[in-house]
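Source file: data_6.txt. Holds: compact mmCIF, C-alpha atoms and all ligand atoms.
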```
# COMPACT_ATOMS: atom_id res chain seq x y z
CA MET A 5 110.06 30.62 -129.63
CA ILE A 6 109.43 28.80 -126.36
CA LYS A 7 112.24 29.16 -123.86
CA LEU A 8 112.59 27.84 -120.35
CA ASN A 9 114.39 30.25 -118.04
CA ILE A 10 116.36 28.09 -115.68
CA SER A 11 120.01 28.48 -114.79
CA ASN A 12 122.83 26.36 -116.22
CA SER A 13 123.51 25.07 -112.75
CA THR A 14 119.92 23.79 -112.53
CA VAL A 15 120.41 21.91 -115.82
CA THR A 16 123.62 20.40 -114.47
CA GLU A 17 121.79 19.42 -111.31
CA LEU A 18 119.01 17.85 -113.37
CA LYS A 19 121.55 15.89 -115.34
CA SER A 20 123.31 14.51 -112.32
CA GLU A 21 120.09 13.70 -110.51
CA HIS A 22 118.20 12.23 -113.37
CA ASP A 23 120.27 11.25 -116.36
CA TYR A 24 118.25 8.33 -117.73
CA ILE A 25 116.45 10.19 -120.42
CA ALA A 26 116.83 7.56 -123.15
CA LYS A 27 115.36 4.93 -120.88
CA TYR A 28 112.34 7.06 -120.05
CA LEU A 29 111.81 7.93 -123.71
CA ASP A 30 111.89 4.27 -124.51
CA ASN A 31 109.32 3.54 -121.82
CA ILE A 32 107.02 6.19 -123.27
CA TYR A 33 107.39 4.77 -126.80
CA GLN A 34 106.56 1.33 -125.48
CA ARG A 35 103.22 2.52 -124.21
CA GLY A 36 102.22 2.95 -127.85
CA GLN A 37 100.55 6.32 -127.41
CA GLY A 38 99.87 8.42 -130.48
CA PHE A 39 99.72 12.00 -129.16
CA TYR A 40 103.20 12.90 -130.42
CA ASN A 41 102.72 11.25 -133.83
CA VAL A 42 99.53 13.03 -134.70
CA VAL A 43 101.48 15.98 -136.10
CA ASP A 44 102.52 13.77 -139.04
CA ASP A 45 98.98 12.89 -140.05
CA LYS A 46 98.59 14.88 -143.26
CA LYS A 47 95.41 13.10 -144.27
CA MET A 48 93.71 14.09 -141.04
CA VAL A 49 94.62 17.75 -141.64
CA ASP A 50 93.44 17.60 -145.26
CA ASP A 51 90.14 16.02 -144.25
CA VAL A 52 89.54 18.61 -141.54
CA LEU A 53 90.37 21.50 -143.87
CA LYS A 54 88.23 20.08 -146.66
CA PHE A 55 85.24 19.77 -144.33
CA ALA A 56 85.80 23.28 -142.93
CA LYS A 57 85.93 24.69 -146.45
CA LYS A 58 82.68 22.95 -147.33
CA MET A 59 81.01 24.46 -144.27
CA GLU A 60 82.23 28.00 -144.95
CA GLY A 61 79.42 30.56 -145.00
CA LYS A 62 76.76 28.01 -144.00
CA PHE A 63 76.56 28.60 -140.26
CA LYS A 64 76.34 31.49 -137.86
CA ASP A 65 77.11 29.34 -134.81
CA ILE A 66 79.22 26.30 -134.07
CA VAL A 67 78.34 24.44 -130.88
CA VAL A 68 80.72 21.90 -129.42
CA LEU A 69 78.99 19.26 -127.28
CA GLY A 70 81.65 17.54 -125.21
CA ILE A 71 83.34 17.53 -121.84
CA GLY A 72 86.83 17.15 -120.32
CA GLY A 73 89.39 16.35 -122.99
CA SER A 74 86.70 16.75 -125.62
CA ALA A 75 86.18 20.41 -124.72
CA LEU A 76 89.08 22.01 -122.84
CA GLY A 77 91.51 22.14 -125.76
CA THR A 78 88.94 23.85 -127.96
CA ILE A 79 88.09 26.38 -125.27
CA CYS A 80 91.80 27.14 -124.99
CA LEU A 81 92.25 27.45 -128.75
CA GLN A 82 89.40 29.91 -129.03
CA GLN A 83 90.51 32.04 -126.09
CA SER A 84 94.17 32.14 -127.07
CA LEU A 85 93.97 32.48 -130.83
CA LYS A 86 90.85 34.53 -131.52
CA HIS A 87 89.82 38.01 -130.46
CA LEU A 88 88.97 37.90 -126.74
CA TYR A 89 85.47 39.13 -127.57
CA GLU A 90 85.23 37.30 -130.89
CA ASN A 91 81.62 36.19 -130.46
CA GLU A 92 80.58 39.80 -129.81
CA LEU A 93 82.34 41.30 -132.83
CA GLU A 94 79.91 42.69 -135.36
CA ASN A 95 81.88 42.14 -138.54
CA ARG A 96 83.08 38.65 -137.82
CA LYS A 97 84.30 36.61 -140.74
CA TRP A 98 83.82 33.32 -138.90
CA PRO A 99 80.92 31.71 -137.03
CA ARG A 100 80.62 32.14 -133.28
CA LEU A 101 81.94 29.17 -131.32
CA HIS A 102 80.30 27.93 -128.11
CA VAL A 103 81.62 25.01 -126.10
CA LEU A 104 78.96 23.41 -123.95
CA ASP A 105 81.01 21.51 -121.41
CA ASN A 106 78.39 21.21 -118.72
CA ILE A 107 74.90 19.86 -118.37
CA ASP A 108 73.55 22.59 -116.14
CA PRO A 109 70.10 22.95 -117.73
CA LEU A 110 70.34 26.73 -117.64
CA PHE A 111 73.61 26.66 -119.57
CA ILE A 112 71.94 24.56 -122.25
CA LYS A 113 68.69 26.55 -122.34
CA GLN A 114 70.40 29.92 -122.47
CA LEU A 115 72.64 28.78 -125.28
CA GLU A 116 69.53 27.66 -127.12
CA ASP A 117 68.15 31.17 -126.59
CA ILE A 118 70.94 32.77 -128.61
CA ILE A 119 71.32 30.37 -131.55
CA SER A 120 69.04 29.44 -134.35
CA PRO A 121 69.20 25.73 -135.19
CA ASP A 122 68.96 26.22 -138.95
CA LYS A 123 72.16 28.31 -138.80
CA THR A 124 74.03 26.07 -136.32
CA LEU A 125 76.45 23.20 -136.68
CA PHE A 126 76.66 20.90 -133.65
CA ILE A 127 79.97 19.08 -133.22
CA THR A 128 79.43 16.17 -130.88
CA ILE A 129 82.76 15.05 -129.46
CA SER A 130 83.37 11.98 -127.35
CA LYS A 131 86.26 9.54 -127.55
CA SER A 132 84.27 6.78 -125.91
CA GLY A 133 81.10 7.82 -127.69
CA ASP A 134 79.26 6.92 -124.51
CA THR A 135 79.73 9.81 -122.07
CA PRO A 136 76.33 10.52 -120.49
CA GLU A 137 76.73 14.31 -120.35
CA THR A 138 77.62 14.55 -124.01
CA LEU A 139 74.93 12.11 -125.09
CA ALA A 140 72.31 14.03 -123.09
CA GLN A 141 73.29 17.26 -124.86
CA TYR A 142 73.29 15.51 -128.22
CA PHE A 143 69.80 14.08 -127.64
CA TYR A 144 68.57 17.51 -126.61
CA PHE A 145 69.87 19.41 -129.61
CA ARG A 146 69.06 16.61 -132.01
CA SER A 147 65.45 16.86 -130.93
CA VAL A 148 65.59 20.65 -131.34
CA VAL A 149 66.90 20.20 -134.89
CA GLU A 150 64.34 17.52 -135.71
CA LYS A 151 61.46 19.59 -134.33
CA LYS A 152 62.43 22.35 -136.74
CA GLY A 153 62.18 19.87 -139.60
CA LEU A 154 65.90 20.14 -140.34
CA ASN A 155 68.05 17.31 -141.61
CA VAL A 156 70.22 15.93 -138.80
CA LYS A 157 73.01 15.07 -141.25
CA ASP A 158 73.33 18.72 -142.22
CA HIS A 159 73.60 19.98 -138.66
CA PHE A 160 75.65 17.39 -136.83
CA VAL A 161 79.16 16.07 -137.11
CA PHE A 162 80.61 13.50 -134.72
CA ILE A 163 84.20 13.18 -133.54
CA THR A 164 84.66 9.83 -131.87
CA ASP A 165 86.46 6.50 -131.87
CA ALA A 166 86.80 4.83 -135.27
CA GLU A 167 84.91 1.72 -134.24
CA LYS A 168 83.54 1.74 -130.74
CA GLY A 169 80.73 3.52 -128.93
CA PHE A 170 77.22 4.78 -129.44
CA LEU A 171 78.15 7.81 -131.55
CA ARG A 172 80.10 5.70 -134.04
CA GLU A 173 77.13 3.36 -134.35
CA ILE A 174 74.71 6.23 -135.02
CA SER A 175 77.07 7.86 -137.46
CA GLN A 176 77.35 4.59 -139.41
CA ASN A 177 73.64 3.82 -139.33
CA GLU A 178 72.51 7.30 -140.30
CA ASP A 179 75.44 8.44 -142.39
CA ILE A 180 76.16 11.40 -140.13
CA PRO A 181 79.50 13.00 -141.04
CA SER A 182 82.24 12.01 -138.64
CA PHE A 183 85.92 12.21 -137.80
CA GLU A 184 88.02 9.69 -135.95
CA ILE A 185 90.00 10.06 -132.77
CA PRO A 186 92.91 7.63 -133.10
CA GLU A 187 92.51 4.63 -130.84
CA ASN A 188 95.80 5.31 -129.07
CA ILE A 189 95.05 8.94 -128.15
CA GLY A 190 93.06 9.58 -124.99
CA GLY A 191 90.71 12.51 -124.40
CA ARG A 192 93.07 14.88 -122.60
CA PHE A 193 95.86 14.22 -125.14
CA SER A 194 93.58 14.74 -128.15
CA VAL A 195 93.60 18.48 -128.75
CA LEU A 196 95.77 18.12 -131.87
CA THR A 197 93.42 15.57 -133.43
CA PRO A 198 90.09 16.55 -135.06
CA VAL A 199 88.83 17.10 -131.47
CA GLY A 200 90.58 20.48 -131.37
CA LEU A 201 91.48 20.92 -135.00
CA LEU A 202 87.99 20.79 -136.50
CA PRO A 203 86.39 23.48 -134.31
CA ALA A 204 89.58 25.51 -134.71
CA ALA A 205 89.55 25.27 -138.50
CA LEU A 206 85.87 26.21 -138.58
CA ILE A 207 86.64 29.52 -136.85
CA GLY A 208 89.65 30.33 -138.99
CA ILE A 209 92.55 29.18 -136.82
CA ASP A 210 95.58 28.08 -138.84
CA ILE A 211 95.77 24.42 -137.85
CA LYS A 212 98.84 23.73 -139.99
CA GLU A 213 100.77 26.30 -137.97
CA LEU A 214 99.51 24.73 -134.74
CA LEU A 215 100.83 21.37 -135.83
CA SER A 216 104.08 22.80 -137.05
CA GLY A 217 104.70 24.36 -133.61
CA ALA A 218 103.86 21.03 -132.02
CA ALA A 219 106.21 19.21 -134.40
CA GLN A 220 109.07 21.54 -133.47
CA MET A 221 108.52 20.79 -129.79
CA ARG A 222 108.38 17.09 -130.52
CA GLU A 223 111.93 17.31 -131.85
CA LEU A 224 113.02 18.53 -128.42
CA PHE A 225 111.06 15.72 -126.78
CA TYR A 226 112.90 13.17 -128.94
CA SER A 227 116.27 14.54 -127.84
CA ASP A 228 118.20 12.44 -125.36
CA SER A 229 120.13 15.45 -124.18
CA VAL A 230 118.84 17.05 -121.00
CA GLU A 231 119.97 20.49 -122.24
CA HIS A 232 117.59 20.31 -125.20
CA ASN A 233 114.70 18.31 -123.90
CA LEU A 234 112.36 20.97 -122.50
CA PRO A 235 109.56 18.55 -121.55
CA PHE A 236 112.07 16.41 -119.67
CA GLN A 237 113.41 19.45 -117.82
CA ILE A 238 109.98 20.54 -116.62
CA ALA A 239 108.93 17.03 -115.61
CA THR A 240 112.18 16.40 -113.78
CA ILE A 241 111.93 19.59 -111.77
CA GLN A 242 108.31 18.76 -110.88
CA TYR A 243 109.23 15.22 -109.95
CA LEU A 244 112.24 16.08 -107.81
CA LEU A 245 110.41 18.87 -106.05
CA SER A 246 107.56 16.52 -105.15
CA PHE A 247 109.96 14.78 -102.79
CA GLU A 248 110.55 18.11 -101.08
CA GLY A 249 106.84 18.41 -100.41
CA LYS A 250 105.96 20.52 -103.48
CA ILE A 251 102.97 18.46 -104.40
CA MET A 252 101.06 21.15 -106.24
CA THR A 253 101.88 22.79 -109.55
CA VAL A 254 100.62 26.30 -110.08
CA LEU A 255 100.56 27.38 -113.72
CA ILE A 256 100.44 31.17 -113.99
CA PRO A 257 100.31 32.68 -117.42
CA TYR A 258 100.67 36.45 -117.46
CA SER A 259 98.29 36.74 -120.38
CA GLN A 260 94.51 36.89 -120.52
CA LYS A 261 94.68 34.76 -123.63
CA LEU A 262 96.35 31.90 -121.79
CA ILE A 263 94.11 31.35 -118.79
CA ARG A 264 92.23 28.59 -120.62
CA PHE A 265 95.57 26.98 -121.40
CA ALA A 266 95.99 26.65 -117.64
CA ASP A 267 92.51 25.05 -117.46
CA TRP A 268 93.53 22.58 -120.16
CA TYR A 269 96.72 21.73 -118.28
CA ARG A 270 94.82 21.30 -115.03
CA GLN A 271 92.96 18.32 -116.48
CA LEU A 272 96.07 16.93 -118.14
CA LEU A 273 98.12 16.87 -114.96
CA ALA A 274 95.30 15.85 -112.63
CA GLU A 275 93.94 12.93 -114.63
CA SER A 276 97.27 11.70 -115.93
CA ILE A 277 99.28 11.67 -112.73
CA GLY A 278 96.63 11.17 -110.05
CA LYS A 279 96.72 7.37 -109.77
CA ALA A 280 96.10 4.75 -107.10
CA LYS A 281 98.30 2.01 -108.54
CA ASP A 282 101.77 1.98 -110.06
CA ASP A 283 102.80 -0.10 -113.07
CA HIS A 284 103.41 -3.10 -110.83
CA GLY A 285 100.00 -2.97 -109.19
CA ASN A 286 101.24 -1.50 -105.90
CA THR A 287 99.00 1.02 -104.21
CA VAL A 288 100.83 4.36 -104.39
CA ASN A 289 98.13 7.07 -104.49
CA ILE A 290 100.37 9.38 -106.48
CA GLY A 291 99.33 12.80 -107.68
CA LEU A 292 100.35 16.38 -108.23
CA THR A 293 97.54 18.86 -107.68
CA PRO A 294 97.29 21.39 -110.50
CA ILE A 295 96.26 24.95 -109.75
CA ASN A 296 95.56 27.53 -112.38
CA ALA A 297 96.15 31.18 -111.77
CA LEU A 298 96.17 34.27 -113.94
CA GLY A 299 98.66 37.11 -113.82
CA VAL A 300 98.12 39.83 -112.77
CA THR A 301 94.52 39.15 -111.66
CA ASP A 302 95.32 36.47 -109.12
CA GLN A 303 98.10 38.48 -107.51
CA HIS A 304 95.14 40.03 -105.75
CA SER A 305 93.56 36.75 -104.78
CA GLN A 306 96.11 33.97 -104.28
CA ASN A 307 99.47 35.66 -103.95
CA GLN A 308 99.32 36.04 -100.18
CA LEU A 309 98.85 32.29 -99.79
CA TYR A 310 101.60 31.53 -102.28
CA ASN A 311 104.12 33.70 -100.46
CA GLU A 312 103.31 32.95 -96.85
CA GLY A 313 101.14 29.83 -96.76
CA PRO A 314 102.36 26.23 -96.83
CA ASN A 315 105.49 25.83 -98.93
CA ASP A 316 104.01 22.95 -100.91
CA LYS A 317 103.81 24.40 -104.42
CA PHE A 318 105.93 24.66 -107.53
CA PHE A 319 105.20 27.62 -109.79
CA ILE A 320 105.40 27.71 -113.58
CA PHE A 321 105.12 31.24 -114.89
CA ILE A 322 104.43 31.95 -118.53
CA ARG A 323 105.80 35.23 -119.82
CA VAL A 324 104.61 36.60 -123.15
CA ASN A 325 107.19 38.97 -124.61
CA ASP A 326 104.95 40.69 -127.12
CA PHE A 327 101.24 41.12 -126.46
CA GLY A 328 100.70 42.49 -129.97
CA CYS A 329 99.21 45.65 -128.48
CA ASP A 330 101.35 48.02 -126.49
CA MET A 331 99.36 50.87 -125.00
CA LYS A 332 100.81 53.65 -122.94
CA ILE A 333 99.06 54.55 -119.69
CA PRO A 334 97.94 58.15 -120.15
CA VAL A 335 98.97 60.80 -117.65
CA THR A 336 95.75 62.41 -116.49
CA HIS A 337 96.93 63.81 -113.14
CA PRO A 338 100.41 65.27 -113.81
CA GLU A 339 100.21 67.40 -110.67
CA ASN A 340 99.84 64.35 -108.43
CA LYS A 341 103.32 62.99 -107.69
CA SER A 342 102.10 59.91 -105.81
CA VAL A 343 101.10 58.24 -109.09
CA ASN A 344 104.18 59.39 -111.02
CA TYR A 345 105.59 55.86 -111.12
CA LEU A 346 103.06 55.02 -113.84
CA LYS A 347 104.11 57.97 -115.99
CA GLY A 348 105.14 56.92 -119.49
CA VAL A 349 104.75 53.24 -118.60
CA SER A 350 102.96 50.92 -121.02
CA PHE A 351 100.50 48.20 -120.00
CA GLU A 352 102.93 45.66 -121.44
CA LYS A 353 105.73 46.99 -119.23
CA LEU A 354 103.43 47.06 -116.21
CA MET A 355 102.44 43.44 -116.84
CA HIS A 356 106.08 42.35 -117.21
CA THR A 357 107.18 44.31 -114.16
CA GLU A 358 104.41 42.89 -112.00
CA GLN A 359 105.32 39.41 -113.16
CA GLU A 360 108.94 40.05 -112.21
CA GLY A 361 107.89 41.44 -108.84
CA THR A 362 105.72 38.40 -108.08
CA LEU A 363 108.44 36.02 -109.13
CA GLN A 364 111.10 37.77 -107.06
CA ALA A 365 108.85 37.79 -104.00
CA LEU A 366 108.25 34.05 -104.34
CA THR A 367 111.96 33.43 -104.79
CA GLN A 368 112.76 35.49 -101.68
CA ASN A 369 110.27 33.34 -99.81
CA GLU A 370 112.00 30.22 -101.17
CA ARG A 371 109.04 29.14 -103.27
CA PRO A 372 110.46 27.25 -106.29
CA ASN A 373 109.51 28.67 -109.66
CA ILE A 374 110.48 28.61 -113.30
CA THR A 375 109.46 30.82 -116.20
CA LEU A 376 108.46 29.72 -119.64
CA GLU A 377 109.03 32.56 -122.05
CA ILE A 378 107.21 32.85 -125.35
CA ASP A 379 107.52 35.55 -127.98
CA ARG A 380 103.82 35.88 -128.60
CA VAL A 381 100.59 33.91 -128.37
CA ASP A 382 100.13 32.49 -131.85
CA GLU A 383 99.32 29.17 -133.47
CA LYS A 384 102.90 28.01 -133.46
CA THR A 385 103.54 28.68 -129.78
CA ILE A 386 100.20 27.26 -128.67
CA GLY A 387 100.84 24.08 -130.68
CA GLY A 388 104.31 23.92 -129.13
CA MET A 389 102.98 24.40 -125.62
CA PHE A 390 100.35 21.67 -126.00
CA MET A 391 103.10 19.28 -127.08
CA LEU A 392 105.47 20.52 -124.37
CA PHE A 393 103.09 19.82 -121.52
CA GLU A 394 101.77 16.57 -122.98
CA CYS A 395 105.33 15.25 -123.29
CA ALA A 396 106.29 16.53 -119.84
CA THR A 397 103.27 14.73 -118.41
CA ALA A 398 104.26 11.53 -120.19
CA PHE A 399 107.74 11.78 -118.63
CA LEU A 400 106.22 12.37 -115.21
CA GLY A 401 104.18 9.20 -115.59
CA GLU A 402 107.37 7.24 -116.24
CA PHE A 403 109.21 8.84 -113.31
CA PHE A 404 106.39 7.86 -110.97
CA ASN A 405 106.05 4.45 -112.63
CA ILE A 406 102.37 4.94 -113.34
CA ASN A 407 100.21 4.81 -116.44
CA ALA A 408 99.61 8.46 -117.34
CA PHE A 409 97.18 7.51 -120.07
CA ASP A 410 94.28 5.86 -118.32
CA GLN A 411 91.63 7.30 -115.99
CA PRO A 412 90.03 4.54 -113.92
CA GLY A 413 88.76 7.08 -111.39
CA VAL A 414 86.78 8.94 -114.07
CA GLU A 415 85.46 5.70 -115.50
CA LEU A 416 84.30 4.59 -112.08
CA SER A 417 82.17 7.66 -111.47
CA LYS A 418 80.69 7.34 -114.99
CA LYS A 419 79.77 3.74 -114.19
CA ILE A 420 78.19 4.59 -110.85
CA THR A 421 76.14 7.44 -112.39
CA LYS A 422 74.77 5.09 -115.03
CA LYS A 423 73.89 2.55 -112.39
CA LEU A 424 72.15 5.15 -110.25
CA LEU A 425 70.03 6.18 -113.23
CA THR A 426 68.90 2.70 -114.19
O1 LIG B 501 90.97 12.45 -120.67
C1 LIG B 501 89.98 11.75 -120.66
O2 LIG B 501 89.95 10.63 -121.20
C2 LIG B 501 88.65 12.21 -120.05
O3 LIG B 501 88.78 13.34 -119.30
C3 LIG B 501 87.64 12.46 -121.15
O4 LIG B 501 88.11 13.47 -122.01
C4 LIG B 501 86.27 12.84 -120.61
O5 LIG B 501 85.87 11.97 -119.60
C5 LIG B 501 85.24 12.78 -121.74
O6 LIG B 501 85.24 11.50 -122.29
P1 LIG B 501 84.79 11.21 -123.76
O7 LIG B 501 85.67 11.97 -124.70
O8 LIG B 501 84.89 9.74 -123.92
O9 LIG B 501 83.37 11.68 -123.87
```

Target encoding structure tokens, full file:
Amino acid sequence: MIKLNISNSTVTELKSEHDYIAKYLDNIYQRGQGFYNVVDDKKMVDDVLKFAKKMEGKFKDIVVLGIGGSALGTICLQQSLKHLYENELENRKWPRLHVLDNIDPLFIKQLEDIISPDKTLFITISKSGDTPETLAQYFYFRSVVEKKGLNVKDHFVFITDAEKGFLREISQNEDIPSFEIPENIGGRFSVLTPVGLLPAALIGIDIKELLSGAAQMRELFYSDSVEHNLPFQIATIQYLLSFEGKIMTVLIPYSQKLIRFADWYRQLLAESIGKAKDDHGNTVNIGLTPINALGVTDQHSQNQLYNEGPNDKFFIFIRVNDFGCDMKIPVTHPENKSVNYLKGVSFEKLMHTEQEGTLQALTQNERPNITLEIDRVDEKTIGGMFMLFECATAFLGEFFNINAFDQPGVELSKKITKKLLT
């Protein structure tokens, strides 16, 4: 269950302000993007599961080489759906997963220190197949594998465009196993393609459940009724508030498992909506700045600013009803009345109460906020939330009249880096 807690009067307001949902849906369809259709691709799921089955028991470590949209979804999947200390567990059933989304040489070297190449599968992920950071990592670990006299084909799998790019060329020439990222799905919208699904399946995440949660959310996205269309509701609130100066969106999950979800969303919102030109070529320099925060941790780092600083932010809270682990706070100082308020309270209750307190304080200070409520963090809800925010971002693009699916700014810096190196 994913529920948006906003009042009926807000929905009515949304309707009267912004009742062109069918038109916006149509505009999104016309852009020919595939992120919402991927949940129907049974062959892709079968291929991923077949490969994962074949790999079972072969590797101790899985290393994802990729960056941006080729990494953030996987990091989120691991953090939200596996044990928080999964890689440290002694009796793990599944390989350890490491996502190398930076080229800091120390990050690479110290990962190398803890893996052994003969027991490692390297998943090289790049939609373009040409991203310098990812290629540099690939070259590095390929040479490590080769130096050990291992067969590259047994230790590498590529996830890339079906036809274009360097990785596709190498995979074809050398028969390295590979998966395709559909042409019409960009990096940051690709978590429900093999980009996220393959690493997930390799560490025992139920990818069919992920997709089924996403498919359920897609039904809401297809709805032309404002009352049902959750992505439309979120996007509309964000859009309307931007005209009241709320040009930043703070996503605050009250769940340790969901902080990487906020990282994933940060890229999605930043790269999709931050654009210089609108659809007609006018210079607009549009953008909503995403901020990720974690409840309760960041109550003690950002909350002061949020309550009393510039009133330029919109807050999306995520409340998890059931953490799957409700522990009572023990009473160790019964004689001390000053700490009595914690007596008999569970950590779950404390978390929920602090969330409520933070939310009420923001509301009192007239800081707009909504709460997304989920029953628990599981495959179905995570799949649903990916789809929810992808669809909301697509709506936002239409509201602002911009292309939410390109990233000329990212491409430009890639181009300049290459030039500087040659
Ligand atoms: O969303 C995007 O397209 C980008 O952020 C990419 O994910 C990122 O630049 C990595 O690109 P690629 O997957 O082509 O290596």

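Proximity ranking of A:Pro412, A:Pro181, A:Gly299, A:Pro121 relative to ligand LIG 501 (chain B) places A:Pro412 first, based on only C-alpha atoms and all ligand atoms.
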
Contacts of Thr385 (chain A) within 10 Å, only C-alpha atoms, excl. fewer than 2 positions in-chain, as a CSV table (one decimal) with C-alpha atoms, in the coordinates of the input:
```
chain,number,residue,atom,x,y,z
A,5,MET,CA,110.1,30.6,-129.6
A,6,ILE,CA,109.4,28.8,-126.4
A,213,GLU,CA,100.8,26.3,-138.0
A,214,LEU,CA,99.5,24.7,-134.7
A,215,LEU,CA,100.8,21.4,-135.8
A,216,SER,CA,104.1,22.8,-137.0
A,217,GLY,CA,104.7,24.4,-133.6
A,218,ALA,CA,103.9,21.0,-132.0
A,220,GLN,CA,109.1,21.5,-133.5
A,221,MET,CA,108.5,20.8,-129.8
A,378,ILE,CA,107.2,32.8,-125.4
A,379,ASP,CA,107.5,35.6,-128.0
A,380,ARG,CA,103.8,35.9,-128.6
A,381,VAL,CA,100.6,33.9,-128.4
A,382,ASP,CA,100.1,32.5,-131.8
A,383,GLU,CA,99.3,29.2,-133.5
A,387,GLY,CA,100.8,24.1,-130.7
A,388,GLY,CA,104.3,23.9,-129.1
A,389,MET,CA,103.0,24.4,-125.6
A,390,PHE,CA,100.4,21.7,-126.0
A,391,MET,CA,103.1,19.3,-127.1
A,392,LEU,CA,105.5,20.5,-124.4
```

Next item on the list: All residues within 6 Å of ligand LIG 501 (chain B) are required, counting all atoms listed in the file; please report them as a PyMOL selection string.
Entry: chain A and resi 71-74+130-133+135+190-192

Margin query: List the spatial neighbours of Gln83 (chain A) as a ChimeraX atom specification - criterion: any atom at most 10 Å away, all atoms listed in the file, same-chain residues fewer than 5 positions off excluded.
Written below: /A:77-78,88-90,260-265

Item checked: Residue nearest Ala239 (chain A) - candidates A:Pro109, A:Pro186, A:Gly401, A:Gly348, atoms counted: all atoms listed in the file -> A:Gly401

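A search radius of 7 Å centred on (99.6, 23.0, -102.1), applied to only C-alpha atoms, returns the residues Lys250, Ile251, Met252, Pro314, Asp316 and Lys317 of chain A.
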
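Closest to Ile66 (chain A) among A:Pro198, A:Asn9, A:Leu93, A:Ile127 is A:Ile127, based on all atoms listed in the file.
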
Check: With distances taken over all atoms listed in the file, which of A:Ile241, A:Ile129, A:Val254, A:Leu206 is nearest to Arg172 (chain A)?
Finding: A:Ile129

Within 6 Å of Ala280 (chain A), counting all atoms listed in the file, which residues show up once you throw out same-chain ones fewer than 6 positions away? Write them as a PDB file with C-alpha atoms, in the coordinates of the input, please.
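Output below, filename out_24.pdb:
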```pdb
ATOM      1  CA  THR A 287      99.000   1.020-104.210  1.00  0.00           C
ATOM      2  CA  VAL A 288     100.830   4.360-104.390  1.00  0.00           C
ATOM      3  CA  ASN A 289      98.130   7.070-104.490  1.00  0.00           C
TER       4      ASN A 289
END
```
